[in-house]
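Everything on this sheet refers to the single structure shown next.
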Amino acid sequence: MKDKIFGVLQRVGRSFMLPIAILPVAGLLLGIGSSFTNETTIATYGLQKILGSGTLLNSLLIIMNKVGSAVFDNLPLIFAVGVAIGMAKKEKEVAALSALIAYFVMNVAISAMLLINGEITADGQIAKDVLEGTVTSVCGIQSLQMGVFGGIIVGLGVAALHNRFHKIVLPNALSFFGGSRFVPIISTIVYMFVGILMYFVWPAVQNGIYALGGLVTGSGYLGTLIFGIIKRALIPFGLHHVFYMPFWQTAVGGTMEVADQMVQGGQNIFFAQLADSANIAHFSADATRYFSGEFIFMIFGLPGAALAMYRCAKPEKKKAAGGLLLSAALACMFTGITEPLEFSFLFVAPALFVVQVILAGAAYMIAHMLNIAVGLTFSGGFLDLFLFGILQGNEKTSWLRIIPVGIIYFILYYVIFTFMIRKFDFKTPGREDDDTETKLYTKADVNARKEAGKAAGEAATTSADPVSELITKGLGGKKNIVDVDCCATRLRITVAQPDRVRDELLKQTDSRGIVKKGQGVQVIYGPHVTVIKAKLEEYLETAPNEFAEDAQENVPETQNNSVAETENVDNAAQASVPVKEEKIRKTAIIYSPVNGIAADLSTAPDEGFAGKMMGNGAVVTPTEGTVYAPADGEVEFIFDTKHAIGFQTDSGIPMLLHMGIDTVKLEGKGFEILVTEGQKVKKGEPMMKLDLEFLSANAPSITSPILDTEVEDNQRIRLLANGEIKAGEPLFAVETLE
């Protein structure tokens with residue numbers, strides 16, 4: 001249980017890194033834009049002619065400032081999408097879209113509750129008796145001030161829904177909405193109720209967050225020391241992102257009014273002040289207490305540790321160790337990336353990491369005590385110090401105080417590391433045994449050791465998806481599969497060697513039929529094919545990359561008979577049985593959706609349609625470009641490539657209007673949809689426009705199957721037209737027998 005919780009927390013921490021990764025770019029734009037549009041900076045360096053108001057560069061820098069601010073202003077939405085992507089196991093793009101939808105749905109639901117209860121007025125104004133700062137504008141929606149927590153609630157929840165439902169199989173009538181298409185649907189429903197719930201719950205949570213933030217900020221320098229120690233101590237476990245993010249981005253890290261706006265979180269406060277730097281005398285050290293100290297040990301302290309490890313290296317290994325340590329130290333100093341250094345001595349000498357944790361934690365406290373207020377985007381390297389310290393001026397940041405403290409830290413790290421390495425003979429880089437390679441260890445090395453014992457067990461496990469396994473074998477093995485795709489009802493596979501495909505195995509996967517065209521194999525499953533495709537792609541990620549073994553058993557000759565031969569046998573057997581009179585209980589008429597030439601379905605220029613593998617009905621070759629409703633009913637689904645419409649008649653007949661053959665490959669070109677999913681239509685209402693000239697030139701055929709996709713055992717199809725037909729004239733009848 002403990003390992004499971006730890007694993008989940010690690011994934012949560014990693015998922016935070018995607019939205020956090022945009023902050024350096026946004027911070028860079030905001031830092032440069034703010035620095036070089038600051039009138040004091042321009043006057044100090046005499047840059048009025050180049051950067052003064054009205055110049056081209058000034059305009060560009062103002063735009064950069066605004067763009068950078070836009071990222072920080074919309075971090076909750078960015079976190080919602082980013083966390084969903086990070087936590088989703090498969091089909092991450094679906095999770096991203098679902099999170100975007102859910103975020104808006106949740107906030108709109110909250111806004112509606114605020115309106116219903118009189119906390120915002122009909123014109124969107126906040127009522128006078130509402131506590132200031134509790135209601136804010138979220139992407140133009142008046143909602144509760146949830147900050148980044150709102151985005152995380154959406155991201156984690158949608159990811160959980162996605163991982164649970166992205167393979168769901170629905171009943172045949174609703175199968176189009178199964179699989180990944182179900183995720184945004186369930187997310188919308190769930191987060192409508194989450195929004196309603198948040199209206200009642202969040203004010204209490206908000207009070208708790210403010211109280212926690214007050215406890216942290218009220219603990220003064222000791223609180224800063226504890227924060228720094230905990231943050232650095234969590235580095236080996238990959239959980240530091242989970243810990244520090246609330247302090248950087250939410251009210252846990254404090255609140256402050258900046259430019260008449262209530263801002264939450266240390267990093268957000270700094271960048272809000274940076275954007276309004278002309279009106280700020282000195283940036284808030286209470287806000288930057290959660291990161292200013294990093295400049296001390298990243299630019300000065302850890303390079304001192306690197307020098308100590310180099311000086312302690314064996315003479316014959318000093319050259320190799322020196323090159324590695326120098327590159328790692330430079331990366332640490334300039335970008336704040338400490339992993340190459342920290343993980344090296346953590347791995348071989350944990351005691352040195354304990355020293356690093358204590359000294360680093362103290363650096364946070366010292367920076368707070370000295371009123372140092374230098375912000376950062378991601379990590380405390382020289383680049384951030386230059387942008388958010390030096391360029392902003394010592395008067396606003398007190399960045400000069402970092403230098404003397406940093407020099408002391410360099411000496412401390414060097415002396416302590418040198419003493420401990422020699423005293424305890426730690427095998428730091430350059431001191432390894434003669435048969436061990438000199439290298440810098442990374443987090444990957446640590447994880448590799450943790451996972452070393454699991455590989456054999458995992459290799460021995462059997463597939464949890466026997467259907468995908470059987471499909472893979474039927475297609476000749478993973479090595480024989482070049483590409484996997486699907487259309488409305490067919491799994492479309494490109495194989496390397498067609499002769500390796502085994503129809504008898506594919507038929508065992510509940511397929512309705514198999515169509516082969518050169519290296520293309522189409523396995524017909526029906527509208528739930530998207531779920532089958534998703535599961536197959538997931539299975540192929542871990543399947544052995546090899547050809548399936550050739551069939552050893554001899555398939556009985558009767559199993560190799562064609563469908564036509566089987567039907568002949570059945571017909572012959574039935575010939576000796578007296579024909580029972582069939583009574584028709586009811587008849588439903590399906591009308592032609594287009595002007596054109598009607599024909600029997602068996603004439604379709606496609607084996608799958610002609611063999612009635614996807615249903616029964618008729619074909620019509622259009623002569624005019626408008627497609628009309630074939631009966632009163634409802635549009636159930638519209639395929640992404642616009643070439644086909646799923647339709648349910650009011651008499652209960654599920655239909656597929658498939659315009660042209662292999663038109664899925666046109667990716668929507670030549671089609672214009674005139675209806676929406678879920679729309680009720682009357683017979684003869686326009687549903688689609690066809691560019692017949694384009695389709696005739698680019699599709700294999702414009703002959704269009706009009707199908708009843710679920711013909712029951714007691715039903716039969718009777719063709720009512722053969723030849724020229726007008727839209728709205730009877731095409732075929734669906735007769736239900738007693």
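Here, A, B, ... name the chains of the structure tokens in the order displayed, residue numbers run from 1 inside each chain, and ligands are numbered from 1 in the same displayed order.
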
Notebook entry, point to check: Skipping near chain neighbours, those fewer than 3 positions away, what residues fall within 8 Å of Thr224 of chain A using only C-alpha atoms, listed as a PyMOL selection string?
Noted result: chain A and resi 219-221+227-228+289-290+361+364-365+368

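Across A:Gly266, A:Leu475, A:Thr509, A:Pro429, the tightest approach to Ala320 of chain A is made by A:Pro429 when counting only C-alpha atoms.
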
Neighbouring residues of Thr663 of chain A were defined as those with any atom within 10 Å, considering only C-alpha atoms; residues of the same chain fewer than 6 positions away were excluded. Please report them as a list in words. Cys487, Thr641, Lys642, His643, Ala644, Lys669, Gly670, Phe671, Leu695, Asn698, Ala699, Pro700, Ser701 and Ile702 of chain A

- Task: Please give the complete set of residues from segment 128-195 of chain A that DSSP, run on the backbone, assigns to helix (DSSP H, G or I), formatted as a ChimeraX atom specification.
- Result: /A:147-165,172-177,179-195

Could you save those same residues with N, CA and C atoms as a compact mmCIF listing (two decimals), in the first residue's frame?
# COMPACT_ATOMS: atom_id res chain seq x y z
N GLY A 147 -7.53 29.35 -7.76
CA GLY A 147 -6.13 29.35 -8.13
C GLY A 147 -5.73 28.07 -8.83
N VAL A 148 -4.47 27.70 -8.67
CA VAL A 148 -3.94 26.50 -9.32
C VAL A 148 -4.61 25.24 -8.78
N PHE A 149 -5.09 25.29 -7.53
CA PHE A 149 -5.78 24.12 -6.99
C PHE A 149 -6.97 23.73 -7.87
N GLY A 150 -7.68 24.73 -8.40
CA GLY A 150 -8.80 24.42 -9.29
C GLY A 150 -8.35 23.64 -10.50
N GLY A 151 -7.23 24.04 -11.09
CA GLY A 151 -6.68 23.32 -12.23
C GLY A 151 -6.25 21.92 -11.87
N ILE A 152 -5.65 21.76 -10.69
CA ILE A 152 -5.17 20.43 -10.27
C ILE A 152 -6.36 19.51 -9.99
N ILE A 153 -7.42 20.06 -9.38
CA ILE A 153 -8.63 19.25 -9.13
C ILE A 153 -9.18 18.71 -10.45
N VAL A 154 -9.20 19.56 -11.47
CA VAL A 154 -9.69 19.13 -12.77
C VAL A 154 -8.72 18.13 -13.40
N GLY A 155 -7.43 18.44 -13.40
CA GLY A 155 -6.45 17.57 -14.05
C GLY A 155 -6.42 16.17 -13.47
N LEU A 156 -6.38 16.07 -12.14
CA LEU A 156 -6.33 14.75 -11.50
C LEU A 156 -7.64 13.99 -11.69
N GLY A 157 -8.76 14.70 -11.56
CA GLY A 157 -10.05 14.03 -11.70
C GLY A 157 -10.31 13.53 -13.11
N VAL A 158 -10.01 14.36 -14.09
CA VAL A 158 -10.22 13.96 -15.48
C VAL A 158 -9.29 12.81 -15.85
N ALA A 159 -8.05 12.85 -15.36
CA ALA A 159 -7.12 11.75 -15.64
C ALA A 159 -7.65 10.44 -15.07
N ALA A 160 -8.22 10.50 -13.86
CA ALA A 160 -8.80 9.29 -13.25
C ALA A 160 -9.98 8.78 -14.09
N LEU A 161 -10.84 9.69 -14.53
CA LEU A 161 -11.96 9.29 -15.39
C LEU A 161 -11.45 8.72 -16.71
N HIS A 162 -10.43 9.36 -17.27
CA HIS A 162 -9.88 8.91 -18.54
C HIS A 162 -9.30 7.50 -18.42
N ASN A 163 -8.48 7.28 -17.41
CA ASN A 163 -7.86 5.96 -17.23
C ASN A 163 -8.90 4.88 -16.96
N ARG A 164 -10.02 5.28 -16.36
CA ARG A 164 -11.08 4.31 -16.05
C ARG A 164 -11.96 4.00 -17.25
N PHE A 165 -12.24 5.01 -18.09
CA PHE A 165 -13.29 4.85 -19.09
C PHE A 165 -12.82 4.89 -20.54
N ASN A 172 -24.59 -1.66 -28.51
CA ASN A 172 -24.43 -1.41 -29.95
C ASN A 172 -25.02 -0.09 -30.40
N ALA A 173 -26.19 0.26 -29.90
CA ALA A 173 -26.85 1.49 -30.35
C ALA A 173 -26.04 2.73 -29.97
N LEU A 174 -25.21 2.61 -28.93
CA LEU A 174 -24.42 3.75 -28.46
C LEU A 174 -22.93 3.52 -28.65
N SER A 175 -22.55 2.50 -29.40
CA SER A 175 -21.15 2.09 -29.45
C SER A 175 -20.23 3.16 -30.01
N PHE A 176 -20.76 4.05 -30.87
CA PHE A 176 -19.92 5.11 -31.40
C PHE A 176 -19.37 6.00 -30.29
N PHE A 177 -20.14 6.13 -29.20
CA PHE A 177 -19.72 7.00 -28.11
C PHE A 177 -18.85 6.28 -27.09
N GLY A 179 -15.33 4.02 -25.81
CA GLY A 179 -13.89 4.26 -25.88
C GLY A 179 -13.53 5.68 -25.49
N SER A 180 -12.55 6.23 -26.19
CA SER A 180 -12.05 7.55 -25.85
C SER A 180 -13.10 8.64 -26.02
N ARG A 181 -14.09 8.43 -26.90
CA ARG A 181 -15.13 9.45 -27.10
C ARG A 181 -16.01 9.62 -25.86
N PHE A 182 -16.01 8.63 -25.00
CA PHE A 182 -16.84 8.70 -23.79
C PHE A 182 -16.23 9.60 -22.73
N VAL A 183 -14.90 9.80 -22.78
CA VAL A 183 -14.21 10.53 -21.72
C VAL A 183 -14.68 11.98 -21.61
N PRO A 184 -14.69 12.77 -22.69
CA PRO A 184 -15.19 14.15 -22.53
C PRO A 184 -16.66 14.20 -22.12
N ILE A 185 -17.43 13.18 -22.50
CA ILE A 185 -18.86 13.15 -22.12
C ILE A 185 -18.99 12.97 -20.61
N ILE A 186 -18.32 11.96 -20.06
CA ILE A 186 -18.43 11.71 -18.62
C ILE A 186 -17.76 12.82 -17.82
N SER A 187 -16.70 13.43 -18.38
CA SER A 187 -16.02 14.54 -17.69
C SER A 187 -16.95 15.74 -17.57
N THR A 188 -17.70 16.02 -18.63
CA THR A 188 -18.64 17.14 -18.60
C THR A 188 -19.70 16.93 -17.53
N ILE A 189 -20.26 15.73 -17.49
CA ILE A 189 -21.32 15.45 -16.51
C ILE A 189 -20.77 15.52 -15.08
N VAL A 190 -19.63 14.86 -14.87
CA VAL A 190 -19.05 14.81 -13.51
C VAL A 190 -18.69 16.21 -13.03
N TYR A 191 -18.06 17.01 -13.90
CA TYR A 191 -17.57 18.31 -13.43
C TYR A 191 -18.66 19.38 -13.36
N MET A 192 -19.80 19.11 -13.94
CA MET A 192 -20.94 19.98 -13.65
C MET A 192 -21.31 19.85 -12.17
N PHE A 193 -21.34 18.60 -11.70
CA PHE A 193 -21.67 18.37 -10.29
C PHE A 193 -20.50 18.75 -9.37
N VAL A 194 -19.27 18.59 -9.85
CA VAL A 194 -18.12 19.02 -9.05
C VAL A 194 -18.18 20.53 -8.84
N GLY A 195 -18.56 21.28 -9.88
CA GLY A 195 -18.70 22.72 -9.76
C GLY A 195 -19.74 23.10 -8.72

Across A:Arg716, A:Arg490, A:His282, A:Lys507, the smallest distance to Val523 of chain A, with only C-alpha atoms counted, is shown by A:Arg490

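Distance check against Leu400 of chain A using only C-alpha atoms: of A:Thr418, A:Asn371, A:Asn616, A:Thr428, the minimum falls on A:Asn371.
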
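For the atom pair formed by atom CA of Val130 of chain A and atom CA of Ile101 of chain A, the distance is 27.8 Å, given to one decimal.
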
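The protein and nucleic acid residues lying at most 12 Å from Leu505 of chain A are Pro466, Val467, Ser468, Glu469, Leu470, Ile471, Thr472, Lys473, Gly474, Leu475, Gly476, Gly477, Arg500, Asp510, Ser511, Gly513, Ile514, Val523, Ala548, Asp550, Ala551, Val555 and Gln559 of chain A, with only C-alpha atoms considered and sequence neighbours fewer than 5 positions away removed.
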
For the residues selected in the previous step, produce a file with all heavy atoms as a compact mmCIF listing (two decimals), in the first residue's frame.
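Output saved as part_34.txt:
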# COMPACT_ATOMS: atom_id res chain seq x y z
N PRO A 466 -6.42 -10.81 -24.11
CA PRO A 466 -6.34 -11.94 -25.05
C PRO A 466 -6.88 -11.62 -26.43
O PRO A 466 -6.43 -12.19 -27.42
CB PRO A 466 -7.18 -13.04 -24.36
CG PRO A 466 -8.07 -12.31 -23.40
CD PRO A 466 -7.29 -11.12 -22.95
N VAL A 467 -7.85 -10.69 -26.53
CA VAL A 467 -8.40 -10.35 -27.85
C VAL A 467 -7.34 -9.65 -28.69
O VAL A 467 -7.12 -10.00 -29.86
CB VAL A 467 -9.65 -9.46 -27.71
CG1 VAL A 467 -10.12 -8.99 -29.08
CG2 VAL A 467 -10.77 -10.23 -27.01
N SER A 468 -6.66 -8.66 -28.11
CA SER A 468 -5.60 -7.97 -28.85
C SER A 468 -4.46 -8.91 -29.19
O SER A 468 -3.85 -8.82 -30.26
CB SER A 468 -5.08 -6.78 -28.03
OG SER A 468 -6.07 -5.80 -27.87
N GLU A 469 -4.18 -9.82 -28.27
CA GLU A 469 -3.12 -10.80 -28.52
C GLU A 469 -3.49 -11.68 -29.72
O GLU A 469 -2.66 -11.96 -30.59
CB GLU A 469 -2.90 -11.66 -27.28
CG GLU A 469 -1.76 -12.65 -27.42
CD GLU A 469 -1.53 -13.45 -26.15
OE1 GLU A 469 -2.38 -13.39 -25.23
OE2 GLU A 469 -0.51 -14.15 -26.07
N LEU A 470 -4.77 -12.09 -29.78
CA LEU A 470 -5.22 -12.94 -30.88
C LEU A 470 -5.24 -12.16 -32.20
O LEU A 470 -4.88 -12.70 -33.25
CB LEU A 470 -6.61 -13.50 -30.56
CG LEU A 470 -7.12 -14.63 -31.47
CD1 LEU A 470 -6.17 -15.82 -31.42
CD2 LEU A 470 -8.52 -15.07 -31.04
N ILE A 471 -5.65 -10.89 -32.14
CA ILE A 471 -5.61 -10.06 -33.35
C ILE A 471 -4.19 -9.94 -33.87
O ILE A 471 -3.93 -10.05 -35.07
CB ILE A 471 -6.20 -8.66 -33.05
CG1 ILE A 471 -7.70 -8.76 -32.78
CG2 ILE A 471 -5.95 -7.72 -34.23
CD1 ILE A 471 -8.33 -7.45 -32.31
N THR A 472 -3.26 -9.71 -32.94
CA THR A 472 -1.85 -9.57 -33.33
C THR A 472 -1.34 -10.85 -33.98
O THR A 472 -0.66 -10.81 -35.02
CB THR A 472 -0.99 -9.23 -32.10
OG1 THR A 472 -1.49 -8.03 -31.51
CG2 THR A 472 0.47 -9.03 -32.48
N LYS A 473 -1.67 -11.99 -33.40
CA LYS A 473 -1.25 -13.27 -33.99
C LYS A 473 -1.89 -13.46 -35.36
O LYS A 473 -1.25 -13.92 -36.30
CB LYS A 473 -1.63 -14.43 -33.07
CG LYS A 473 -0.76 -14.53 -31.82
CD LYS A 473 -1.18 -15.72 -30.97
CE LYS A 473 -0.31 -15.84 -29.73
NZ LYS A 473 -0.74 -16.99 -28.87
N GLY A 474 -3.19 -13.11 -35.45
CA GLY A 474 -3.89 -13.26 -36.72
C GLY A 474 -3.30 -12.39 -37.82
O GLY A 474 -3.37 -12.72 -39.01
N LEU A 475 -2.72 -11.27 -37.43
CA LEU A 475 -2.10 -10.35 -38.40
C LEU A 475 -0.64 -10.69 -38.68
O LEU A 475 0.03 -9.96 -39.41
CB LEU A 475 -2.21 -8.91 -37.90
CG LEU A 475 -3.64 -8.34 -37.84
CD1 LEU A 475 -3.66 -7.04 -37.07
CD2 LEU A 475 -4.19 -8.14 -39.25
N GLY A 476 -0.18 -11.79 -38.10
CA GLY A 476 1.18 -12.24 -38.37
C GLY A 476 2.21 -11.81 -37.35
O GLY A 476 3.41 -11.96 -37.58
N GLY A 477 1.77 -11.25 -36.23
CA GLY A 477 2.70 -10.82 -35.19
C GLY A 477 3.01 -9.34 -35.28
O GLY A 477 2.80 -8.69 -36.31
N ARG A 500 1.26 -13.82 -44.22
CA ARG A 500 1.32 -14.23 -42.82
C ARG A 500 -0.01 -14.02 -42.08
O ARG A 500 -0.18 -14.46 -40.95
CB ARG A 500 2.42 -13.46 -42.08
CG ARG A 500 3.83 -13.89 -42.46
CD ARG A 500 4.86 -13.17 -41.59
NE ARG A 500 6.21 -13.63 -41.86
CZ ARG A 500 6.80 -14.66 -41.24
NH1 ARG A 500 6.12 -15.34 -40.32
NH2 ARG A 500 8.02 -15.01 -41.54
N ASP A 510 -14.39 -12.16 -32.94
CA ASP A 510 -15.75 -11.62 -33.08
C ASP A 510 -15.83 -10.60 -34.21
O ASP A 510 -16.62 -9.65 -34.14
CB ASP A 510 -16.22 -11.00 -31.76
CG ASP A 510 -17.74 -10.86 -31.71
OD1 ASP A 510 -18.43 -11.65 -32.38
OD2 ASP A 510 -18.23 -9.95 -31.02
N SER A 511 -15.01 -10.80 -35.23
CA SER A 511 -15.08 -9.90 -36.38
C SER A 511 -16.24 -10.32 -37.28
O SER A 511 -16.64 -11.49 -37.32
CB SER A 511 -13.79 -9.94 -37.19
OG SER A 511 -13.64 -11.18 -37.85
N GLY A 513 -16.15 -9.76 -40.57
CA GLY A 513 -15.60 -10.10 -41.87
C GLY A 513 -14.20 -9.55 -42.03
O GLY A 513 -13.74 -8.73 -41.24
N ILE A 514 -13.50 -10.01 -43.05
CA ILE A 514 -12.12 -9.61 -43.32
C ILE A 514 -12.00 -9.27 -44.80
O ILE A 514 -12.46 -10.04 -45.66
CB ILE A 514 -11.14 -10.75 -42.96
CG1 ILE A 514 -11.30 -11.15 -41.49
CG2 ILE A 514 -9.70 -10.33 -43.24
CD1 ILE A 514 -10.77 -12.51 -41.16
N VAL A 523 -10.34 -5.48 -40.91
CA VAL A 523 -11.09 -6.41 -40.07
C VAL A 523 -12.32 -5.65 -39.57
O VAL A 523 -12.19 -4.63 -38.91
CB VAL A 523 -10.25 -6.93 -38.89
CG1 VAL A 523 -10.98 -8.06 -38.18
CG2 VAL A 523 -8.88 -7.40 -39.37
N ALA A 548 4.50 -13.86 -35.78
CA ALA A 548 3.78 -14.96 -35.15
C ALA A 548 4.18 -16.26 -35.82
O ALA A 548 4.50 -16.30 -37.01
CB ALA A 548 2.27 -14.75 -35.28
N ASP A 550 3.91 -19.69 -37.68
CA ASP A 550 2.97 -20.17 -38.69
C ASP A 550 2.10 -21.27 -38.10
O ASP A 550 2.50 -22.00 -37.20
CB ASP A 550 3.72 -20.73 -39.91
CG ASP A 550 4.47 -19.62 -40.63
OD1 ASP A 550 4.00 -18.47 -40.59
OD2 ASP A 550 5.53 -19.93 -41.22
N ALA A 551 0.89 -21.37 -38.60
CA ALA A 551 -0.06 -22.38 -38.10
C ALA A 551 0.48 -23.77 -38.36
O ALA A 551 0.89 -24.10 -39.46
CB ALA A 551 -1.42 -22.19 -38.76
N VAL A 555 -6.13 -26.91 -40.99
CA VAL A 555 -7.50 -26.42 -40.86
C VAL A 555 -8.40 -27.31 -41.71
O VAL A 555 -8.09 -27.58 -42.87
CB VAL A 555 -7.60 -24.96 -41.34
CG1 VAL A 555 -9.02 -24.46 -41.19
CG2 VAL A 555 -6.63 -24.10 -40.55
N GLN A 559 -13.69 -25.54 -43.30
CA GLN A 559 -13.54 -24.20 -42.76
C GLN A 559 -12.99 -23.25 -43.80
O GLN A 559 -13.02 -22.04 -43.61
CB GLN A 559 -12.61 -24.21 -41.55
CG GLN A 559 -13.22 -24.90 -40.34
CD GLN A 559 -12.33 -24.76 -39.13
OE1 GLN A 559 -11.45 -23.93 -39.08
NE2 GLN A 559 -12.58 -25.61 -38.14

As a PyMOL selection string, please: the residues near segment 64-71 of chain A (cut-off 7 Å, only C-alpha atoms, same-chain neighbours under 4 positions excluded). chain A and resi 26-27+29-30+33-34+60+75

For the residues selected in the previous step, produce a file with N, CA and C atoms as a PDB file, in the first residue's frame.
ATOM      1  N   ALA A  26       7.918  31.866 -20.106  1.00  0.00           N
ATOM      2  CA  ALA A  26       7.055  32.986 -19.733  1.00  0.00           C
ATOM      3  C   ALA A  26       7.806  33.973 -18.857  1.00  0.00           C
ATOM      4  N   GLY A  27       8.584  33.445 -17.915  1.00  0.00           N
ATOM      5  CA  GLY A  27       9.365  34.319 -17.040  1.00  0.00           C
ATOM      6  C   GLY A  27      10.420  35.103 -17.798  1.00  0.00           C
ATOM      7  N   LEU A  29      10.244  36.066 -20.968  1.00  0.00           N
ATOM      8  CA  LEU A  29       9.550  37.139 -21.681  1.00  0.00           C
ATOM      9  C   LEU A  29       9.152  38.269 -20.732  1.00  0.00           C
ATOM     10  N   LEU A  30       8.620  37.870 -19.578  1.00  0.00           N
ATOM     11  CA  LEU A  30       8.189  38.870 -18.602  1.00  0.00           C
ATOM     12  C   LEU A  30       9.383  39.626 -18.026  1.00  0.00           C
ATOM     13  N   GLY A  33      10.925  41.844 -20.821  1.00  0.00           N
ATOM     14  CA  GLY A  33       9.967  42.901 -21.130  1.00  0.00           C
ATOM     15  C   GLY A  33       9.854  43.920 -20.025  1.00  0.00           C
ATOM     16  N   SER A  34       9.817  43.458 -18.776  1.00  0.00           N
ATOM     17  CA  SER A  34       9.695  44.373 -17.646  1.00  0.00           C
ATOM     18  C   SER A  34      10.978  45.164 -17.416  1.00  0.00           C
ATOM     19  N   LEU A  60       7.852  46.147 -28.862  1.00  0.00           N
ATOM     20  CA  LEU A  60       8.076  44.704 -28.835  1.00  0.00           C
ATOM     21  C   LEU A  60       8.226  44.202 -27.402  1.00  0.00           C
ATOM     22  N   LEU A  75      -2.479  30.192 -15.326  1.00  0.00           N
ATOM     23  CA  LEU A  75      -1.845  28.965 -14.850  1.00  0.00           C
ATOM     24  C   LEU A  75      -2.842  27.888 -14.414  1.00  0.00           C
TER      25      LEU A  75
END

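Closest approach to Ile532 of chain A from the set A:Ser602, A:Phe79, A:Lys167, A:Phe271 is made by A:Lys167, with distances taken over only C-alpha atoms.
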
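Among the candidates A:Ala84, A:Lys90, A:Tyr103, A:Gly389, the one nearest to Glu538 of chain A when counting only C-alpha atoms is A:Lys90.
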
Atom CA of Ile408 of chain A sits from atom CA of Ile366 of chain A at a separation of 12.0 Å

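Distances from A:Gly375, A:Leu325, A:Ala95, A:Leu144 to His166 of chain A were compared using only C-alpha atoms, and the smallest one belongs to A:Ala95.
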